[in-house]
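Participant: query-v3.cif is reproduced in full below (mmCIF, C-alpha atoms).
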data_my_file
loop_
_atom_site.group_PDB
_atom_site.id
_atom_site.type_symbol
_atom_site.label_atom_id
_atom_site.label_comp_id
_atom_site.auth_asym_id
_atom_site.auth_seq_id
_atom_site.Cartn_x
_atom_site.Cartn_y
_atom_site.Cartn_z
ATOM 1 C CA VAL T 127 20.446 -79.812 -43.690
ATOM 2 C CA LYS T 128 22.005 -76.443 -42.875
ATOM 3 C CA MET T 129 19.170 -74.578 -44.566
ATOM 4 C CA CYS T 130 16.654 -76.595 -42.593
ATOM 5 C CA LEU T 131 18.392 -75.791 -39.308
ATOM 6 C CA VAL T 132 18.628 -72.079 -40.170
ATOM 7 C CA ARG T 133 14.956 -72.007 -41.204
ATOM 8 C CA LYS T 134 13.913 -73.657 -37.930
ATOM 9 C CA GLN T 135 16.015 -71.197 -35.927
ATOM 10 C CA TYR T 136 14.547 -68.239 -37.842
ATOM 11 C CA GLN T 137 10.965 -69.472 -37.395
ATOM 12 C CA LYS T 138 11.609 -70.081 -33.718
ATOM 13 C CA ARG T 139 12.890 -66.525 -33.256
ATOM 14 C CA LEU T 140 10.024 -65.124 -35.333
ATOM 15 C CA GLN T 141 7.520 -67.033 -33.207
ATOM 16 C CA TYR T 142 9.218 -65.674 -30.088
ATOM 17 C CA TYR T 143 8.766 -62.113 -31.380
ATOM 18 C CA LYS T 144 5.113 -62.790 -32.183
ATOM 19 C CA ASP T 145 4.497 -64.191 -28.708
ATOM 20 C CA HIS T 146 6.064 -61.098 -27.079
ATOM 21 C CA THR T 147 4.760 -58.386 -29.429
ATOM 22 C CA GLU T 148 3.214 -56.250 -26.626
ATOM 23 C CA GLU T 149 6.400 -56.322 -24.538
ATOM 24 C CA ILE T 150 8.490 -55.341 -27.570
ATOM 25 C CA ILE T 151 6.162 -52.425 -28.380
ATOM 26 C CA ARG T 152 6.373 -51.178 -24.774
ATOM 27 C CA ILE T 153 10.161 -51.373 -24.776
ATOM 28 C CA GLN T 154 10.361 -49.495 -28.081
ATOM 29 C CA ALA T 155 7.947 -46.815 -26.842
ATOM 30 C CA PHE T 156 9.947 -46.433 -23.628
ATOM 31 C CA LEU T 157 13.232 -46.046 -25.530
ATOM 32 C CA LYS T 158 11.700 -43.553 -27.991
ATOM 33 C CA ALA T 159 10.192 -41.495 -25.159
ATOM 34 C CA ASN T 160 13.525 -41.385 -23.323
ATOM 35 C CA LYS T 161 15.318 -40.361 -26.503
ATOM 36 C CA ALA T 162 12.766 -37.616 -27.221
ATOM 37 C CA ARG T 163 12.974 -36.398 -23.600
ATOM 38 C CA ASP T 164 16.785 -36.262 -23.752
ATOM 39 C CA ASP T 165 16.692 -34.426 -27.091
ATOM 40 C CA TYR T 166 14.207 -31.845 -25.749
ATOM 41 C CA ARG T 167 16.297 -31.334 -22.612
ATOM 42 C CA THR T 168 19.335 -30.799 -24.828
ATOM 43 C CA LEU T 169 17.388 -28.317 -26.961
ATOM 44 C CA ILE T 170 16.332 -26.094 -24.052
ATOM 45 C CA SER T 171 19.465 -26.371 -21.906
ATOM 46 C CA ALA T 172 22.389 -26.575 -24.325
ATOM 47 C CA GLU T 173 23.843 -23.313 -25.596
ATOM 48 C CA ASN T 174 24.466 -24.767 -29.089
ATOM 49 C CA PRO T 175 22.267 -27.871 -29.557
ATOM 50 C CA PRO T 176 23.167 -30.263 -32.417
ATOM 51 C CA LEU T 177 21.511 -29.805 -35.780
ATOM 52 C CA ASN T 178 19.791 -33.215 -35.718
ATOM 53 C CA VAL T 179 18.133 -32.285 -32.393
ATOM 54 C CA VAL T 180 16.963 -28.900 -33.687
ATOM 55 C CA ARG T 181 15.605 -30.533 -36.842
ATOM 56 C CA LYS T 182 13.338 -32.793 -34.780
ATOM 57 C CA PHE T 183 11.589 -29.841 -33.157
ATOM 58 C CA VAL T 184 11.410 -27.404 -36.081
ATOM 59 C CA HIS T 185 7.771 -28.346 -36.665
ATOM 60 C CA LEU T 186 6.855 -26.730 -33.341
ATOM 61 C CA LEU T 187 7.600 -23.312 -34.861
ATOM 62 C CA ASP T 188 4.920 -23.656 -37.523
ATOM 63 C CA GLN T 189 1.869 -21.415 -36.992
ATOM 64 C CA SER T 190 -1.355 -23.275 -37.613
ATOM 65 C CA ASP T 191 -4.902 -21.923 -37.899
ATOM 66 C CA LEU T 192 -5.590 -23.288 -34.432
ATOM 67 C CA ASP T 193 -2.712 -21.235 -32.983
ATOM 68 C CA PHE T 194 -4.049 -18.121 -34.696
ATOM 69 C CA GLN T 195 -7.579 -18.690 -33.384
ATOM 70 C CA GLU T 196 -6.261 -19.287 -29.876
ATOM 71 C CA GLU T 197 -4.253 -16.064 -30.050
ATOM 72 C CA LEU T 198 -7.347 -14.134 -31.132
ATOM 73 C CA GLU T 199 -9.354 -15.685 -28.305
ATOM 74 C CA VAL T 200 -6.680 -14.784 -25.745
ATOM 75 C CA THR T 201 -6.588 -11.198 -27.042
ATOM 76 C CA ARG T 202 -10.378 -10.934 -26.848
ATOM 77 C CA LEU T 203 -10.449 -12.305 -23.303
ATOM 78 C CA ARG T 204 -7.654 -9.936 -22.255
ATOM 79 C CA GLU T 205 -9.601 -6.942 -23.592
ATOM 80 C CA GLU T 206 -12.713 -8.160 -21.795
ATOM 81 C CA VAL T 207 -10.798 -8.494 -18.529
ATOM 82 C CA VAL T 208 -9.385 -4.971 -18.814
ATOM 83 C CA THR T 209 -12.843 -3.548 -19.585
ATOM 84 C CA LYS T 210 -14.326 -5.296 -16.586
ATOM 85 C CA ILE T 211 -11.484 -4.103 -14.345
ATOM 86 C CA ARG T 212 -12.225 -0.509 -15.327
ATOM 87 C CA SER T 213 -15.941 -1.069 -14.807
ATOM 88 C CA ASN T 214 -15.365 -2.631 -11.389
ATOM 89 C CA ASN T 215 -13.083 0.213 -10.327
ATOM 90 C CA GLN T 216 -15.721 2.754 -11.289
ATOM 91 C CA LEU T 217 -18.462 0.795 -9.504
ATOM 92 C CA GLU T 218 -16.310 0.598 -6.368
ATOM 93 C CA LYS T 219 -15.932 4.381 -6.388
ATOM 94 C CA ASP T 220 -19.675 4.817 -6.876
ATOM 95 C CA LEU T 221 -20.409 2.386 -4.043
ATOM 96 C CA SER T 222 -18.003 4.252 -1.751
ATOM 97 C CA LEU T 223 -19.818 7.476 -2.564
ATOM 98 C CA MET T 224 -23.112 5.711 -1.894
ATOM 99 C CA ASP T 225 -21.857 4.616 1.536
ATOM 100 C CA ILE T 226 -20.920 8.211 2.323
ATOM 101 C CA LYS T 227 -24.366 9.444 1.292
ATOM 102 C CA ILE T 228 -26.062 6.781 3.421
ATOM 103 C CA GLY T 229 -23.889 7.836 6.365
ATOM 104 C CA LEU T 230 -24.864 11.477 5.837
ATOM 105 C CA LEU T 231 -28.505 10.411 5.606
ATOM 106 C CA VAL T 232 -28.229 8.668 8.964
ATOM 107 C CA LYS T 233 -26.817 11.886 10.442
ATOM 108 C CA ASN T 234 -29.630 13.875 8.760
ATOM 109 C CA ARG T 235 -27.131 15.867 6.683
ATOM 110 C CA ILE T 236 -28.857 15.150 3.355
ATOM 111 C CA THR T 237 -32.353 14.131 2.322
ATOM 112 C CA LEU T 238 -33.551 10.678 1.327
ATOM 113 C CA GLN T 239 -34.249 11.996 -2.177
ATOM 114 C CA ASP T 240 -30.524 12.620 -2.759
ATOM 115 C CA VAL T 241 -29.671 9.029 -1.837
ATOM 116 C CA VAL T 242 -32.419 7.600 -4.058
ATOM 117 C CA SER T 243 -31.276 9.820 -6.950
ATOM 118 C CA HIS T 244 -27.674 8.634 -6.636
ATOM 119 C CA SER T 245 -28.837 5.011 -6.458
ATOM 120 C CA LYS T 246 -30.802 5.405 -9.701
ATOM 121 C CA LYS T 247 -27.792 6.963 -11.415
ATOM 122 C CA LEU T 248 -25.613 4.091 -10.242
ATOM 123 C CA ASN T 249 -28.005 1.456 -11.603
ATOM 124 C CA LYS T 250 -28.407 3.314 -14.886
ATOM 125 C CA LYS T 251 -24.634 3.645 -15.284
ATOM 126 C CA SER T 252 -23.996 -0.066 -14.684
ATOM 127 C CA LYS T 253 -26.748 -1.051 -17.142
ATOM 128 C CA GLY T 254 -25.411 1.406 -19.725
ATOM 129 C CA GLN T 255 -21.898 -0.060 -19.469
ATOM 130 C CA VAL T 256 -23.213 -3.568 -20.015
ATOM 131 C CA GLU T 257 -25.300 -2.490 -23.029
ATOM 132 C CA GLU T 258 -22.352 -0.599 -24.488
ATOM 133 C CA MET T 259 -20.106 -3.663 -24.170
ATOM 134 C CA VAL T 260 -22.706 -5.905 -25.809
ATOM 135 C CA THR T 261 -23.259 -3.439 -28.658
ATOM 136 C CA PHE T 262 -19.558 -3.074 -29.349
ATOM 137 C CA ASP T 263 -19.038 -6.850 -29.267
ATOM 138 C CA LYS T 264 -21.777 -7.289 -31.890
ATOM 139 C CA GLN T 265 -20.658 -4.506 -34.239
ATOM 140 C CA GLY T 266 -16.902 -4.333 -33.673
ATOM 141 C CA ILE T 267 -14.727 -2.051 -35.790
ATOM 142 C CA LYS T 268 -16.898 -2.698 -38.854
ATOM 143 C CA GLY T 269 -19.725 -0.780 -37.213
ATOM 144 C CA LEU T 270 -17.648 2.436 -36.999
ATOM 145 C CA SER T 271 -17.929 5.207 -39.526
ATOM 146 C CA LEU T 272 -14.959 6.375 -41.606
ATOM 147 C CA GLU T 273 -14.420 9.404 -39.380
ATOM 148 C CA LYS T 274 -14.439 7.281 -36.230
ATOM 149 C CA ARG T 275 -12.062 4.793 -37.795
ATOM 150 C CA LYS T 276 -9.586 7.591 -38.561
ATOM 151 C CA LYS T 277 -9.959 8.852 -35.008
ATOM 152 C CA LEU T 278 -9.395 5.320 -33.680
ATOM 153 C CA GLU T 279 -6.268 4.956 -35.807
ATOM 154 C CA ALA T 280 -4.954 8.303 -34.529
ATOM 155 C CA TYR T 281 -5.535 7.168 -30.948
ATOM 156 C CA GLN T 282 -3.673 3.929 -31.693
ATOM 157 C CA HIS T 283 -0.623 5.880 -32.880
ATOM 158 C CA LEU T 284 -0.846 8.178 -29.848
ATOM 159 C CA PHE T 285 -1.070 5.313 -27.356
ATOM 160 C CA TYR T 286 1.775 3.448 -29.048
ATOM 161 C CA LEU T 287 3.953 6.559 -28.847
ATOM 162 C CA LEU T 288 3.130 7.112 -25.164
ATOM 163 C CA GLN T 289 3.786 3.455 -24.336
ATOM 164 C CA THR T 290 7.134 3.170 -26.101
ATOM 165 C CA HIS T 291 8.421 6.643 -25.104
ATOM 166 C CA PRO T 292 7.813 6.857 -21.328
ATOM 167 C CA THR T 293 9.533 10.259 -21.049
ATOM 168 C CA TYR T 294 6.301 12.091 -21.933
ATOM 169 C CA LEU T 295 4.220 10.448 -19.215
ATOM 170 C CA ALA T 296 7.110 10.610 -16.730
ATOM 171 C CA LYS T 297 7.196 14.397 -17.082
ATOM 172 C CA LEU T 298 3.394 14.670 -17.113
ATOM 173 C CA ILE T 299 3.035 12.782 -13.810
ATOM 174 C CA PHE T 300 4.943 15.480 -11.927
ATOM 175 C CA GLN T 301 2.875 18.236 -13.537
ATOM 176 C CA MET T 302 -0.248 16.778 -11.916
ATOM 177 C CA PRO T 303 -1.382 18.108 -8.519
ATOM 178 C CA GLN T 304 -0.256 15.830 -5.677
ATOM 179 C CA ASN T 305 -3.825 15.041 -4.615
ATOM 180 C CA LYS T 306 -4.790 13.937 -8.149
ATOM 181 C CA SER T 307 -1.751 11.823 -9.041
ATOM 182 C CA THR T 308 -3.247 8.587 -7.644
ATOM 183 C CA LYS T 309 -6.488 9.048 -9.586
ATOM 184 C CA PHE T 310 -4.480 9.903 -12.699
ATOM 185 C CA MET T 311 -2.525 6.653 -12.296
ATOM 186 C CA ASP T 312 -5.652 4.520 -11.888
ATOM 187 C CA THR T 313 -7.692 6.087 -14.678
ATOM 188 C CA VAL T 314 -5.008 6.818 -17.294
ATOM 189 C CA ILE T 315 -1.665 5.098 -16.744
ATOM 190 C CA PHE T 316 -2.803 1.590 -15.817
ATOM 191 C CA THR T 317 -5.491 1.664 -18.500
ATOM 192 C CA LEU T 318 -2.988 2.811 -21.121
ATOM 193 C CA TYR T 319 -0.705 -0.095 -20.236
ATOM 194 C CA ASN T 320 -3.638 -2.533 -20.135
ATOM 195 C CA TYR T 321 -3.034 -3.190 -16.429
ATOM 196 C CA ALA T 322 0.204 -4.985 -17.444
ATOM 197 C CA SER T 323 -1.847 -7.948 -18.656
ATOM 198 C CA ASN T 324 1.001 -9.385 -20.766
ATOM 199 C CA GLN T 325 4.793 -9.367 -20.711
ATOM 200 C CA ARG T 326 5.183 -6.571 -23.272
ATOM 201 C CA GLU T 327 2.941 -4.124 -21.424
ATOM 202 C CA GLU T 328 4.411 -5.098 -18.059
ATOM 203 C CA TYR T 329 7.894 -4.375 -19.417
ATOM 204 C CA LEU T 330 6.786 -0.997 -20.825
ATOM 205 C CA LEU T 331 5.113 -0.077 -17.513
ATOM 206 C CA LEU T 332 8.327 -0.895 -15.628
ATOM 207 C CA LYS T 333 10.218 1.330 -18.081
ATOM 208 C CA LEU T 334 7.778 4.119 -17.213
ATOM 209 C CA PHE T 335 8.449 3.580 -13.490
ATOM 210 C CA LYS T 336 12.192 3.782 -14.194
ATOM 211 C CA SER T 337 11.877 7.002 -16.231
ATOM 212 C CA ALA T 338 9.522 8.544 -13.650
ATOM 213 C CA LEU T 339 11.935 7.707 -10.818
ATOM 214 C CA GLU T 340 14.836 9.293 -12.722
ATOM 215 C CA GLU T 341 12.694 12.373 -13.362
ATOM 216 C CA GLU T 342 11.698 12.630 -9.703
ATOM 217 C CA ILE T 343 15.299 12.267 -8.502
ATOM 218 C CA LYS T 344 16.402 15.041 -10.874
ATOM 219 C CA SER T 345 13.633 17.445 -9.864
ATOM 220 C CA LYS T 346 12.975 16.727 -6.163
ATOM 221 C CA VAL T 347 15.735 14.710 -4.492
ATOM 222 C CA ASP T 348 18.754 16.569 -3.105
ATOM 223 C CA GLN T 349 19.972 13.866 -0.702
ATOM 224 C CA VAL T 350 19.601 10.089 -0.646
ATOM 225 C CA GLN T 351 17.519 10.103 2.549
ATOM 226 C CA ASP T 352 14.910 12.277 0.831
ATOM 227 C CA ILE T 353 13.645 9.135 -0.940
ATOM 228 C CA VAL T 354 12.979 7.507 2.445
ATOM 229 C CA THR T 355 11.827 10.489 4.502
ATOM 230 C CA GLY T 356 9.813 12.170 1.749
ATOM 231 C CA ASN T 357 6.673 11.064 -0.037
ATOM 232 C CA PRO T 358 7.952 10.002 -3.484
ATOM 233 C CA THR T 359 5.292 9.754 -6.157
ATOM 234 C CA VAL T 360 6.959 6.852 -7.971
ATOM 235 C CA ILE T 361 6.934 4.698 -4.822
ATOM 236 C CA LYS T 362 3.190 5.334 -4.545
ATOM 237 C CA MET T 363 2.812 4.311 -8.194
ATOM 238 C CA VAL T 364 4.688 1.039 -7.640
ATOM 239 C CA VAL T 365 2.724 0.261 -4.454
ATOM 240 C CA SER T 366 -0.566 0.953 -6.233
ATOM 241 C CA PHE T 367 0.464 -1.314 -9.117
ATOM 242 C CA ASN T 368 1.530 -4.180 -6.839
ATOM 243 C CA ARG T 369 -1.670 -4.162 -4.792
ATOM 244 C CA GLY T 370 -3.311 -6.366 -7.427
ATOM 245 C CA ALA T 371 -3.031 -10.140 -7.504
ATOM 246 C CA ARG T 372 -0.552 -10.063 -10.409
ATOM 247 C CA GLY T 373 1.744 -7.660 -8.574
ATOM 248 C CA GLN T 374 1.539 -9.649 -5.351
ATOM 249 C CA ASN T 375 2.482 -12.846 -7.177
ATOM 250 C CA SER T 376 5.458 -11.117 -8.793
ATOM 251 C CA LEU T 377 6.656 -9.752 -5.451
ATOM 252 C CA ARG T 378 6.210 -13.174 -3.879
ATOM 253 C CA GLN T 379 8.331 -14.808 -6.581
ATOM 254 C CA LEU T 380 11.052 -12.149 -6.301
ATOM 255 C CA LEU T 381 11.239 -11.655 -2.537
ATOM 256 C CA ALA T 382 10.139 -15.006 -1.086
ATOM 257 C CA PRO T 383 13.519 -16.789 -1.606
ATOM 258 C CA VAL T 384 15.442 -13.842 -0.107
ATOM 259 C CA VAL T 385 13.121 -13.470 2.893
ATOM 260 C CA LYS T 386 13.154 -17.225 3.488
ATOM 261 C CA GLU T 387 16.955 -17.280 3.366
ATOM 262 C CA ILE T 388 17.160 -14.456 5.919
ATOM 263 C CA ILE T 389 14.628 -16.114 8.243
ATOM 264 C CA GLU T 390 16.413 -19.482 8.131
ATOM 265 C CA ASP T 391 19.865 -17.958 8.723
ATOM 266 C CA LYS T 392 20.220 -18.336 12.501
ATOM 267 C CA SER T 393 23.644 -16.675 12.554
ATOM 268 C CA LEU T 394 22.375 -13.462 10.973
ATOM 269 C CA VAL T 395 21.787 -10.581 13.388
ATOM 270 C CA ILE T 396 19.451 -7.938 11.986
ATOM 271 C CA ASN T 397 19.429 -5.771 15.135
ATOM 272 C CA THR T 398 21.041 -2.414 14.253
ATOM 273 C CA SER T 399 21.097 -0.908 17.749
ATOM 274 C CA PRO T 400 24.749 0.055 18.474
ATOM 275 C CA VAL T 401 24.429 -0.957 22.159
ATOM 276 C CA ASP T 402 22.989 -4.401 21.345
ATOM 277 C CA VAL T 403 25.606 -4.984 18.641
ATOM 278 C CA TYR T 404 28.356 -3.961 21.079
ATOM 279 C CA LYS T 405 27.077 -6.355 23.775
ATOM 280 C CA ALA T 406 26.836 -9.220 21.260
ATOM 281 C CA TRP T 407 30.407 -8.485 20.181
ATOM 282 C CA VAL T 408 31.668 -8.545 23.786
ATOM 283 C CA ASN T 409 29.865 -11.847 24.431
ATOM 284 C CA GLN T 410 31.394 -13.304 21.261
ATOM 285 C CA LEU T 411 34.904 -12.255 22.386
ATOM 286 C CA GLU T 412 34.398 -13.853 25.800
ATOM 287 C CA MET T 413 33.173 -17.095 24.245
ATOM 288 C CA ALA T 414 36.105 -17.175 21.810
ATOM 289 C CA THR T 415 38.814 -16.498 24.450
ATOM 290 C CA GLY T 416 37.156 -18.193 27.439
ATOM 291 C CA GLU T 417 38.025 -15.195 29.617
ATOM 292 C CA ALA T 418 36.051 -12.231 30.904
ATOM 293 C CA SER T 419 36.482 -9.188 28.695
ATOM 294 C CA LYS T 420 38.111 -6.080 30.145
ATOM 295 C CA LEU T 421 35.727 -3.893 28.114
ATOM 296 C CA PRO T 422 32.767 -2.336 29.960
ATOM 297 C CA TYR T 423 29.509 -4.164 29.305
ATOM 298 C CA ASP T 424 27.022 -1.342 29.933
ATOM 299 C CA VAL T 425 27.796 1.536 27.575
ATOM 300 C CA THR T 426 25.930 4.362 25.903
ATOM 301 C CA THR T 427 25.236 4.605 22.192
ATOM 302 C CA GLU T 428 28.091 7.090 21.703
ATOM 303 C CA GLN T 429 30.566 4.826 23.533
ATOM 304 C CA ALA T 430 29.465 1.789 21.506
ATOM 305 C CA LEU T 431 30.003 3.682 18.249
ATOM 306 C CA THR T 432 33.631 4.459 19.161
ATOM 307 C CA HIS T 433 34.557 0.798 18.650
ATOM 308 C CA VAL T 434 35.325 0.090 15.001
ATOM 309 C CA GLU T 435 34.438 -3.589 15.303
#
Using structure tokens, write down the structure from this file.

Facilitator:
Amino acid sequence: VKMCLVRKQYQKRLQYYKDHTEEIIRIQAFLKANKARDDYRTLISAENPPLNVVRKFVHLLDQSDLDFQEELEVTRLREEVVTKIRSNNQLEKDLSLMDIKIGLLVKNRITLQDVVSHSKKLNKKSKGQVEEMVTFDKQGIKGLSLEKRKKLEAYQHLFYLLQTHPTYLAKLIFQMPQNKSTKFMDTVIFTLYNYASNQREEYLLLKLFKSALEEEIKSKVDQVQDIVTGNPTVIKMVVSFNRGARGQNSLRQLLAPVVKEIIEDKSLVINTSPVDVYKAWVNQLEMATGEASKLPYDVTTEQALTHVE
């Protein structure tokens, strides 16, 4: 009798599970997802995550063929972007020169033949760049001769040395004439650092800025205000670098919270005029004491500066 009752109870519970299979699967999936989410949060936030948590995510470190192919594709696209940036910069310069020639033509300073000649050169140059890119993409390094491969390898070592030892370029920048430093930055420095297209090259470019600033302070700056009143080359380099979309996004991420905090702080007074600061101080004293201040309200800048407060 007992066995019969137990069997009936078991079959009843089994039938209940079968009738609610979908609900059970959903509950199990929900619990597993929550557990995996908690484990991942522990992995990325905890200083010393437990071994059983680390073991669950070890498989993410494995490099598959798909990861390798994606890395190659990203590298190829990055090289293509840098090549097109250089090409666009050169075309912009040629177009600016073309605008100047058209303006001179309007003022009858040059002949129409000069403008047509420059236009043909511009078209030929743009077509030649496209053909050169297509040819190199088809042949690649395999299409180079032994001599050119050795030369390419030597250039690789040279560029690696210049990137990782910014002292050389930092000293070279200040040997350039002042009117050619901007062009030197655009054509050599940014190209050498791949326009800071990844974190490594961005870090190395910032190291160059740091070394160049130290070099400029040693050689040109005698007083602190010289950095503000003068025309520092490194500041021009940083401004030129941050004019691009990548630099603007970085500045926005760095400065936006600080600027927003200053704007929203209603108690902060940014006015640095000694007279205005003095008047605000007198008004604050009167509001705090509820009595008229015995200090004069209208003062000169020199009189306002005599008050330590």

Participant: In Å, rounded to a single decimal, give me how far atom CA of Ala322 of chain T is from atom CA of Phe367 of chain T.

Facilitator: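 A separation of 9.1 Å between them.
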
Participant: Can you work out which one of T:Ser337, T:Asn320, T:Gln216, T:Gln195 has the shortest atom-to-atom distance to Pro292 of chain T, counting all atoms listed in the file?

Facilitator: T:Ser337

Participant: I'd like the contact shell of segment 161-171 of chain T - 12 Å cut-off, all atoms listed in the file, skipping same-chain residues fewer than 4 positions apart - returned as a PyMOL selection string.

Facilitator: chain T and resi 154-157+175-184+186

Participant: Could you give me, as a PyMOL selection string, the residues within 12 Å of segment 327-333 of chain T, counting all atoms listed in the file and dropping anything in the same chain fewer than 5 positions from it?

Facilitator: chain T and resi 285-293+295-296+311+315-322+338-340+360+363-364+367-368+372-373+376
